[in-house]
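**Q** Dropping a structure here in structure tokens format, bear with me for questions.
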Amino acid sequence: MNNNKAKVAVLVSGGGTNLQAIIDAAKSGIINSGEIALVISNNPNAYALERAANAGIESKVISKKDYTSASLFEDALIAELDNNGIDLIVLAGFMVILSEKFTSHFADRIINVHPSLIPSFCGEGFYGLHVHEAALAKGVKVTGATVHFVNEIPDGGKIIMQKAVEVQEGDTPEVLQKRVMVEAEWKILPASVEKICNSIINN
């Protein structure tokens, strides 16, 4: 591990496309101030774990099902992150709502990417395709993605970066989801990781 880099943990539940975007950005030098030290999945079958293995990144499965309460599950997550000296936590499609106990333990050290321009189409229930379905149902002409700090309110933390994406005639939720990923999420998430890691190592 490079001592001059902030240690990043990425929390995942599924395919890990945003994890891949961060891995690629670290390889290409977009992310220079941080390195991915750990990937944690709450789902043992997440393809994101394969991506971590392919990139030679240590990974760990911590599943809520293995704990009798959400609180004990969070204790296990916190212990793993603390033991690895993690500086920044990136939620990349992590399908678990984290409590204030967790978010306050890592205040201003957890970021998430949300597939809309917050405050539109965000908060409880707005995740994955639901966000794009809602945007299309509303008839918005512009959507996008937001990277924000995570606190105890779903999608409620301070905004770090946003990027707009145009909605096109005939878009389906799936088509729009892909465009938002490619044009916004995969650009602003790595850029935000670099920005925060840079401020961590220079403070």
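Convention: chains lettered A, B, ... in structure tokens order; per-chain residue numbering from 1; ligands numbered from 1 as shown.
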Write out as a PyMOL selection string each polymer residue whose atoms come within 12 Å of stretch 24-28 of chain A, counting only C-alpha atoms; drop sequence neighbours fewer than 2 positions from it.
**A** chain A and resi 5+8+17-22+30-37+51-52+54-55+186-194+197
**Q** Could the residues in this selection be saved with C-alpha atoms as a compact mmCIF listing (two decimals), in the first residue's frame?
**A**
```txt
# COMPACT_ATOMS: atom_id res chain seq x y z
CA LYS A 5 -2.63 7.63 -0.91
CA VAL A 8 -10.73 3.69 -0.25
CA THR A 17 -20.27 -1.17 -12.83
CA ASN A 18 -19.46 1.89 -10.70
CA LEU A 19 -16.73 -0.10 -8.92
CA GLN A 20 -15.29 -0.86 -12.37
CA ALA A 21 -15.38 2.83 -13.26
CA ILE A 22 -13.32 3.58 -10.13
CA ILE A 30 -7.71 9.96 -12.99
CA ILE A 31 -7.64 8.79 -9.38
CA ASN A 32 -4.15 9.50 -8.16
CA SER A 33 -4.62 10.46 -4.50
CA GLY A 34 -6.41 7.30 -3.42
CA GLU A 35 -6.35 3.56 -3.95
CA ILE A 36 -9.02 0.92 -3.51
CA ALA A 37 -7.88 -1.08 -0.52
CA ARG A 51 -14.28 -7.43 -10.60
CA ALA A 52 -12.37 -6.92 -7.34
CA ASN A 54 -9.69 -9.49 -11.37
CA ALA A 55 -8.14 -6.22 -10.23
CA TRP A 186 -18.80 6.97 -14.45
CA LYS A 187 -17.30 10.45 -14.85
CA ILE A 188 -18.27 12.27 -11.66
CA LEU A 189 -17.85 9.34 -9.26
CA PRO A 190 -14.12 8.82 -10.00
CA ALA A 191 -13.62 12.62 -10.13
CA SER A 192 -15.26 12.97 -6.71
CA VAL A 193 -13.17 10.12 -5.27
CA GLU A 194 -10.01 11.88 -6.46
CA CYS A 197 -8.85 11.65 -1.42
```
**Q** So that I can see what lies close to A:His130, please list as a list in words the residues with an atom at most 12 Å from it, counting only C-alpha atoms and leaving out residues fewer than 2 positions away in the same chain.
**A**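 Final neighbour list, sorted by chain and number: His114, Pro115, Ser116, Phe121, Cys122, Gly123, Glu124, Gly125, Phe126, Tyr127, Gly128, His132, Glu133, Ala134, Ala135, Leu136, Ala137, Thr172, Pro173, Glu174, Leu176 and Gln177 of chain A.
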**Q** Would you write out those residues with N, CA, C and O atoms, as a PDB file, in the first residue's frame?
**A**
```
ATOM      1  N   HIS A 114     -25.920   8.987  -7.011  1.00  0.00           N
ATOM      2  CA  HIS A 114     -27.359   8.791  -7.191  1.00  0.00           C
ATOM      3  C   HIS A 114     -27.722   9.166  -8.619  1.00  0.00           C
ATOM      4  O   HIS A 114     -27.281  10.207  -9.116  1.00  0.00           O
ATOM      5  N   PRO A 115     -28.537   8.329  -9.305  1.00  0.00           N
ATOM      6  CA  PRO A 115     -28.778   8.562 -10.735  1.00  0.00           C
ATOM      7  C   PRO A 115     -29.864   9.586 -11.059  1.00  0.00           C
ATOM      8  O   PRO A 115     -30.735   9.343 -11.890  1.00  0.00           O
ATOM      9  N   SER A 116     -29.801  10.742 -10.395  1.00  0.00           N
ATOM     10  CA  SER A 116     -30.665  11.872 -10.775  1.00  0.00           C
ATOM     11  C   SER A 116     -29.983  13.138 -10.275  1.00  0.00           C
ATOM     12  O   SER A 116     -28.991  13.071  -9.545  1.00  0.00           O
ATOM     13  N   PHE A 121     -36.203  13.297  -7.688  1.00  0.00           N
ATOM     14  CA  PHE A 121     -36.227  11.833  -7.751  1.00  0.00           C
ATOM     15  C   PHE A 121     -35.199  11.185  -6.818  1.00  0.00           C
ATOM     16  O   PHE A 121     -34.362  10.398  -7.240  1.00  0.00           O
ATOM     17  N   CYS A 122     -35.265  11.567  -5.557  1.00  0.00           N
ATOM     18  CA  CYS A 122     -34.330  10.980  -4.600  1.00  0.00           C
ATOM     19  C   CYS A 122     -35.054  10.700  -3.293  1.00  0.00           C
ATOM     20  O   CYS A 122     -36.222  11.022  -3.124  1.00  0.00           O
ATOM     21  N   GLY A 123     -34.344  10.110  -2.360  1.00  0.00           N
ATOM     22  CA  GLY A 123     -34.926   9.758  -1.070  1.00  0.00           C
ATOM     23  C   GLY A 123     -35.365   8.304  -1.062  1.00  0.00           C
ATOM     24  O   GLY A 123     -35.027   7.530  -1.957  1.00  0.00           O
ATOM     25  N   GLU A 124     -36.137   7.943  -0.052  1.00  0.00           N
ATOM     26  CA  GLU A 124     -36.511   6.550   0.136  1.00  0.00           C
ATOM     27  C   GLU A 124     -37.285   6.008  -1.067  1.00  0.00           C
ATOM     28  O   GLU A 124     -38.177   6.663  -1.588  1.00  0.00           O
ATOM     29  N   GLY A 125     -36.930   4.817  -1.498  1.00  0.00           N
ATOM     30  CA  GLY A 125     -37.643   4.174  -2.606  1.00  0.00           C
ATOM     31  C   GLY A 125     -37.100   4.524  -3.977  1.00  0.00           C
ATOM     32  O   GLY A 125     -37.415   3.866  -4.960  1.00  0.00           O
ATOM     33  N   PHE A 126     -36.293   5.586  -4.038  1.00  0.00           N
ATOM     34  CA  PHE A 126     -35.728   5.975  -5.339  1.00  0.00           C
ATOM     35  C   PHE A 126     -34.339   5.360  -5.508  1.00  0.00           C
ATOM     36  O   PHE A 126     -33.360   5.912  -5.026  1.00  0.00           O
ATOM     37  N   TYR A 127     -34.297   4.223  -6.175  1.00  0.00           N
ATOM     38  CA  TYR A 127     -33.008   3.601  -6.464  1.00  0.00           C
ATOM     39  C   TYR A 127     -33.142   2.838  -7.777  1.00  0.00           C
ATOM     40  O   TYR A 127     -34.245   2.493  -8.210  1.00  0.00           O
ATOM     41  N   GLY A 128     -32.005   2.574  -8.406  1.00  0.00           N
ATOM     42  CA  GLY A 128     -31.998   1.775  -9.629  1.00  0.00           C
ATOM     43  C   GLY A 128     -32.936   2.322 -10.692  1.00  0.00           C
ATOM     44  O   GLY A 128     -33.034   3.538 -10.892  1.00  0.00           O
ATOM     45  N   HIS A 132     -35.255   6.313 -12.890  1.00  0.00           N
ATOM     46  CA  HIS A 132     -35.411   6.656 -14.313  1.00  0.00           C
ATOM     47  C   HIS A 132     -36.866   6.539 -14.755  1.00  0.00           C
ATOM     48  O   HIS A 132     -37.338   7.325 -15.572  1.00  0.00           O
ATOM     49  N   GLU A 133     -37.580   5.579 -14.169  1.00  0.00           N
ATOM     50  CA  GLU A 133     -39.022   5.454 -14.444  1.00  0.00           C
ATOM     51  C   GLU A 133     -39.743   6.721 -14.002  1.00  0.00           C
ATOM     52  O   GLU A 133     -40.589   7.256 -14.728  1.00  0.00           O
ATOM     53  N   ALA A 134     -39.373   7.211 -12.814  1.00  0.00           N
ATOM     54  CA  ALA A 134     -40.018   8.415 -12.283  1.00  0.00           C
ATOM     55  C   ALA A 134     -39.691   9.645 -13.130  1.00  0.00           C
ATOM     56  O   ALA A 134     -40.563  10.478 -13.407  1.00  0.00           O
ATOM     57  N   ALA A 135     -38.428   9.723 -13.568  1.00  0.00           N
ATOM     58  CA  ALA A 135     -38.021  10.872 -14.388  1.00  0.00           C
ATOM     59  C   ALA A 135     -38.785  10.883 -15.714  1.00  0.00           C
ATOM     60  O   ALA A 135     -39.271  11.932 -16.162  1.00  0.00           O
ATOM     61  N   LEU A 136     -38.923   9.715 -16.333  1.00  0.00           N
ATOM     62  CA  LEU A 136     -39.644   9.630 -17.606  1.00  0.00           C
ATOM     63  C   LEU A 136     -41.139   9.882 -17.412  1.00  0.00           C
ATOM     64  O   LEU A 136     -41.779  10.548 -18.236  1.00  0.00           O
ATOM     65  N   ALA A 137     -41.678   9.379 -16.316  1.00  0.00           N
ATOM     66  CA  ALA A 137     -43.110   9.588 -16.033  1.00  0.00           C
ATOM     67  C   ALA A 137     -43.408  11.070 -15.851  1.00  0.00           C
ATOM     68  O   ALA A 137     -44.475  11.562 -16.216  1.00  0.00           O
ATOM     69  N   THR A 172     -36.367   4.551 -22.908  1.00  0.00           N
ATOM     70  CA  THR A 172     -36.963   3.641 -21.918  1.00  0.00           C
ATOM     71  C   THR A 172     -36.149   3.818 -20.639  1.00  0.00           C
ATOM     72  O   THR A 172     -35.030   4.359 -20.685  1.00  0.00           O
ATOM     73  N   PRO A 173     -36.666   3.376 -19.496  1.00  0.00           N
ATOM     74  CA  PRO A 173     -35.874   3.488 -18.257  1.00  0.00           C
ATOM     75  C   PRO A 173     -34.497   2.841 -18.403  1.00  0.00           C
ATOM     76  O   PRO A 173     -33.493   3.373 -17.930  1.00  0.00           O
ATOM     77  N   GLU A 174     -34.441   1.691 -19.099  1.00  0.00           N
ATOM     78  CA  GLU A 174     -33.162   0.976 -19.249  1.00  0.00           C
ATOM     79  C   GLU A 174     -32.163   1.773 -20.095  1.00  0.00           C
ATOM     80  O   GLU A 174     -30.976   1.844 -19.770  1.00  0.00           O
ATOM     81  N   LEU A 176     -32.202   5.028 -20.625  1.00  0.00           N
ATOM     82  CA  LEU A 176     -31.825   6.236 -19.880  1.00  0.00           C
ATOM     83  C   LEU A 176     -30.830   5.899 -18.769  1.00  0.00           C
ATOM     84  O   LEU A 176     -29.846   6.616 -18.559  1.00  0.00           O
ATOM     85  N   GLN A 177     -31.064   4.783 -18.096  1.00  0.00           N
ATOM     86  CA  GLN A 177     -30.156   4.354 -17.021  1.00  0.00           C
ATOM     87  C   GLN A 177     -28.726   4.205 -17.552  1.00  0.00           C
ATOM     88  O   GLN A 177     -27.773   4.680 -16.935  1.00  0.00           O
TER      89      GLN A 177
END
```
**Q** Excluding same-chain residues fewer than 6 positions from stretch 139-143 of chain A, what lies within 8 Å of it counting only C-alpha atoms, as a list in words?
**A** Ser116, Leu117, Ala164, Val165, Glu166, Val167, Gln168 and Val180 of chain A
**Q** Contacts of stretch 92-100 of chain A at 7 Å or less, counting only C-alpha atoms, minus same-chain residues fewer than 6 places along, as a ChimeraX atom specification?
**A** /A:10-14,16,18-19,112-113,151-152
**Q** Need to verify the contact set: A:Ala107, 12 Å, only C-alpha atoms, exclusion of same-chain residues closer than 3 positions in sequence. Can you return it as a list of chain:residue names?
**A**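 So, after excluding close chain neighbours, the residues are A:Asp87, A:Leu88, A:Ile89, A:Ser99, A:Glu100, A:Lys101, A:Phe102, A:Thr103, A:Ser104, A:Ile110, A:Ile111, A:Phe149, A:Val150, A:Asn151, A:Glu152, A:Gly157, A:Lys158.
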**Q** Go ahead and write the selection's residues with all heavy atoms as a short mmCIF file (atom, residue, chain, number, x, y, z; two decimals), in the first residue's frame.
**A**
```
data_model
loop_
_atom_site.label_atom_id
_atom_site.label_comp_id
_atom_site.auth_asym_id
_atom_site.auth_seq_id
_atom_site.Cartn_x
_atom_site.Cartn_y
_atom_site.Cartn_z
N ASP A 87 -9.99 5.40 4.73
CA ASP A 87 -10.18 6.86 4.80
C ASP A 87 -11.49 7.31 4.15
O ASP A 87 -12.10 8.28 4.58
CB ASP A 87 -9.03 7.56 4.07
CG ASP A 87 -7.68 7.29 4.71
OD1 ASP A 87 -7.55 7.58 5.91
OD2 ASP A 87 -6.78 6.76 4.03
N LEU A 88 -11.88 6.61 3.09
CA LEU A 88 -13.08 7.02 2.34
C LEU A 88 -13.88 5.79 1.95
O LEU A 88 -13.31 4.79 1.49
CB LEU A 88 -12.67 7.80 1.07
CG LEU A 88 -13.82 8.21 0.14
CD1 LEU A 88 -14.74 9.23 0.80
CD2 LEU A 88 -13.29 8.76 -1.18
N ILE A 89 -15.19 5.88 2.14
CA ILE A 89 -16.09 4.77 1.79
C ILE A 89 -16.96 5.22 0.61
O ILE A 89 -17.58 6.28 0.67
CB ILE A 89 -16.99 4.41 2.99
CG1 ILE A 89 -16.13 3.96 4.17
CG2 ILE A 89 -18.00 3.33 2.61
CD1 ILE A 89 -16.84 4.01 5.51
N SER A 99 -27.62 3.27 9.06
CA SER A 99 -28.19 4.10 10.14
C SER A 99 -27.26 5.24 10.52
O SER A 99 -26.11 5.30 10.08
CB SER A 99 -28.44 3.24 11.38
OG SER A 99 -27.21 3.03 12.05
N GLU A 100 -27.77 6.09 11.37
CA GLU A 100 -26.97 7.23 11.84
C GLU A 100 -25.73 6.76 12.60
O GLU A 100 -24.69 7.42 12.57
CB GLU A 100 -27.83 8.15 12.73
CG GLU A 100 -27.11 9.42 13.05
CD GLU A 100 -27.97 10.41 13.83
OE1 GLU A 100 -29.13 10.12 14.11
OE2 GLU A 100 -27.43 11.48 14.16
N LYS A 101 -25.85 5.62 13.27
CA LYS A 101 -24.69 5.08 14.00
C LYS A 101 -23.51 4.91 13.03
O LYS A 101 -22.38 5.30 13.32
CB LYS A 101 -25.04 3.74 14.63
CG LYS A 101 -23.85 3.06 15.31
CD LYS A 101 -24.25 1.81 16.07
CE LYS A 101 -24.10 0.58 15.19
NZ LYS A 101 -24.25 -0.67 15.97
N PHE A 102 -23.80 4.33 11.87
CA PHE A 102 -22.76 4.09 10.87
C PHE A 102 -22.30 5.39 10.23
O PHE A 102 -21.11 5.67 10.15
CB PHE A 102 -23.29 3.12 9.80
CG PHE A 102 -22.23 2.69 8.82
CD1 PHE A 102 -21.47 1.56 9.05
CD2 PHE A 102 -21.99 3.43 7.67
CE1 PHE A 102 -20.48 1.16 8.16
CE2 PHE A 102 -21.01 3.03 6.77
CZ PHE A 102 -20.25 1.90 7.02
N THR A 103 -23.26 6.19 9.79
CA THR A 103 -22.89 7.40 9.03
C THR A 103 -22.16 8.42 9.91
O THR A 103 -21.26 9.10 9.43
CB THR A 103 -24.11 8.05 8.36
OG1 THR A 103 -25.09 8.38 9.35
CG2 THR A 103 -24.73 7.12 7.33
N SER A 104 -22.51 8.48 11.19
CA SER A 104 -21.82 9.46 12.06
C SER A 104 -20.42 8.98 12.42
O SER A 104 -19.51 9.77 12.65
CB SER A 104 -22.64 9.77 13.31
OG SER A 104 -22.85 8.59 14.05
N ILE A 110 -18.14 9.20 3.73
CA ILE A 110 -18.92 8.25 2.92
C ILE A 110 -19.54 9.02 1.77
O ILE A 110 -20.17 10.06 1.98
CB ILE A 110 -20.07 7.60 3.72
CG1 ILE A 110 -19.60 7.09 5.08
CG2 ILE A 110 -20.71 6.47 2.91
CD1 ILE A 110 -20.74 6.65 5.98
N ILE A 111 -19.36 8.51 0.54
CA ILE A 111 -20.01 9.15 -0.60
C ILE A 111 -20.83 8.13 -1.38
O ILE A 111 -20.59 6.93 -1.31
CB ILE A 111 -19.01 9.87 -1.53
CG1 ILE A 111 -18.07 8.88 -2.23
CG2 ILE A 111 -18.22 10.94 -0.78
CD1 ILE A 111 -17.21 9.51 -3.33
N PHE A 149 -22.27 13.40 -0.16
CA PHE A 149 -21.90 12.76 1.10
C PHE A 149 -23.13 12.05 1.66
O PHE A 149 -24.26 12.45 1.41
CB PHE A 149 -21.40 13.80 2.11
CG PHE A 149 -20.01 14.27 1.85
CD1 PHE A 149 -19.76 15.57 1.41
CD2 PHE A 149 -18.92 13.43 2.05
CE1 PHE A 149 -18.48 16.01 1.16
CE2 PHE A 149 -17.62 13.86 1.81
CZ PHE A 149 -17.40 15.15 1.37
N VAL A 150 -22.89 10.99 2.42
CA VAL A 150 -23.98 10.19 2.97
C VAL A 150 -24.15 10.52 4.45
O VAL A 150 -23.19 10.50 5.22
CB VAL A 150 -23.68 8.68 2.81
CG1 VAL A 150 -24.74 7.83 3.49
CG2 VAL A 150 -23.59 8.33 1.32
N ASN A 151 -25.40 10.84 4.81
CA ASN A 151 -25.74 10.95 6.23
C ASN A 151 -26.93 10.04 6.50
O ASN A 151 -27.24 9.18 5.67
CB ASN A 151 -26.00 12.42 6.62
CG ASN A 151 -27.15 13.05 5.82
OD1 ASN A 151 -27.95 12.35 5.19
ND2 ASN A 151 -27.23 14.36 5.84
N GLU A 152 -27.61 10.24 7.63
CA GLU A 152 -28.66 9.29 8.00
C GLU A 152 -29.94 9.47 7.16
O GLU A 152 -30.83 8.63 7.21
CB GLU A 152 -28.97 9.40 9.51
CG GLU A 152 -29.69 10.67 9.94
CD GLU A 152 -28.77 11.89 10.05
OE1 GLU A 152 -27.56 11.79 9.72
OE2 GLU A 152 -29.28 12.95 10.46
N GLY A 157 -27.28 14.00 2.10
CA GLY A 157 -26.01 14.66 2.43
C GLY A 157 -25.62 15.73 1.42
O GLY A 157 -26.23 15.89 0.36
N LYS A 158 -24.59 16.47 1.78
CA LYS A 158 -24.12 17.60 0.95
C LYS A 158 -23.67 17.12 -0.43
O LYS A 158 -23.00 16.09 -0.56
CB LYS A 158 -22.94 18.26 1.69
CG LYS A 158 -22.66 19.68 1.23
CD LYS A 158 -21.60 20.31 2.10
CE LYS A 158 -20.24 19.87 1.58
NZ LYS A 158 -19.09 20.33 2.29
#
```
**Q** Could you tell me which of A:Val131, A:Ile201, A:Ile62, A:Ala6 comes closest to A:Gly85 if we count only C-alpha atoms?
**A**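 Comparing A:Val131, A:Ile201, A:Ile62, A:Ala6 against A:Gly85, the winner is A:Ala6.
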**Q** Could you find all residues in stretch 113-154 of chain A that DSSP calls strand (DSSP E) from the backbone, and write them as a list in words?
**A** Val113, His114, Val142, Thr143, Gly144, Ala145, Thr146, Val147, His148 and Phe149 of chain A
**Q** Figure out the distance between atom CA of A:Leu38 and atom CA of A:Gly56, please, to one decimal in Å.
**A**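 According to the coordinates, atom CA of A:Gly56 and atom CA of A:Leu38 are separated by 10.0 Å.
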**Q** Pull the alpha helix (DSSP H) assignments for stretch 26-168 of chain A out of DSSP run on the backbone, and list those residues as a PyMOL selection string.
**A** chain A and resi 26-28+48-54+70-83+100-105+129-138
**Q** To one decimal place in Å, what is the distance between atom CA of A:Ile196 and atom CA of A:Val182?
**A**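 Atom CA of A:Val182 lies at a distance of 21.5 Å from atom CA of A:Ile196.
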**Q** Which of these, A:Val147, A:Ile23, A:Ala79, A:Ala184, has the shortest distance to A:Ile57 once you count only C-alpha atoms?
**A** A:Ile23
**Q** May I have the residues within 9 Å of A:Leu77 as a PyMOL selection string, using only C-alpha atoms and disregarding those fewer than 3 positions away in the same chain?
**A** chain A and resi 40+62+72-74+80-82+102
**Q** For the residues in the current selection, export C-alpha atoms as an mmCIF file, in the first residue's frame.
**A**
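What follows is the written file result-v8.cif:
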```cif
data_model
loop_
_atom_site.group_PDB
_atom_site.id
_atom_site.type_symbol
_atom_site.label_atom_id
_atom_site.label_comp_id
_atom_site.auth_asym_id
_atom_site.auth_seq_id
_atom_site.Cartn_x
_atom_site.Cartn_y
_atom_site.Cartn_z
ATOM 1 C CA ILE A 40 -17.152 -5.208 0.753
ATOM 2 C CA ILE A 62 -20.502 -9.192 5.166
ATOM 3 C CA LEU A 72 -24.709 -6.040 14.713
ATOM 4 C CA PHE A 73 -24.346 -6.070 10.925
ATOM 5 C CA GLU A 74 -23.220 -2.426 11.042
ATOM 6 C CA GLU A 80 -13.775 -4.275 9.063
ATOM 7 C CA LEU A 81 -13.411 -0.712 7.752
ATOM 8 C CA ASP A 82 -11.614 0.526 10.886
ATOM 9 C CA PHE A 102 -22.763 4.085 10.873
#
```
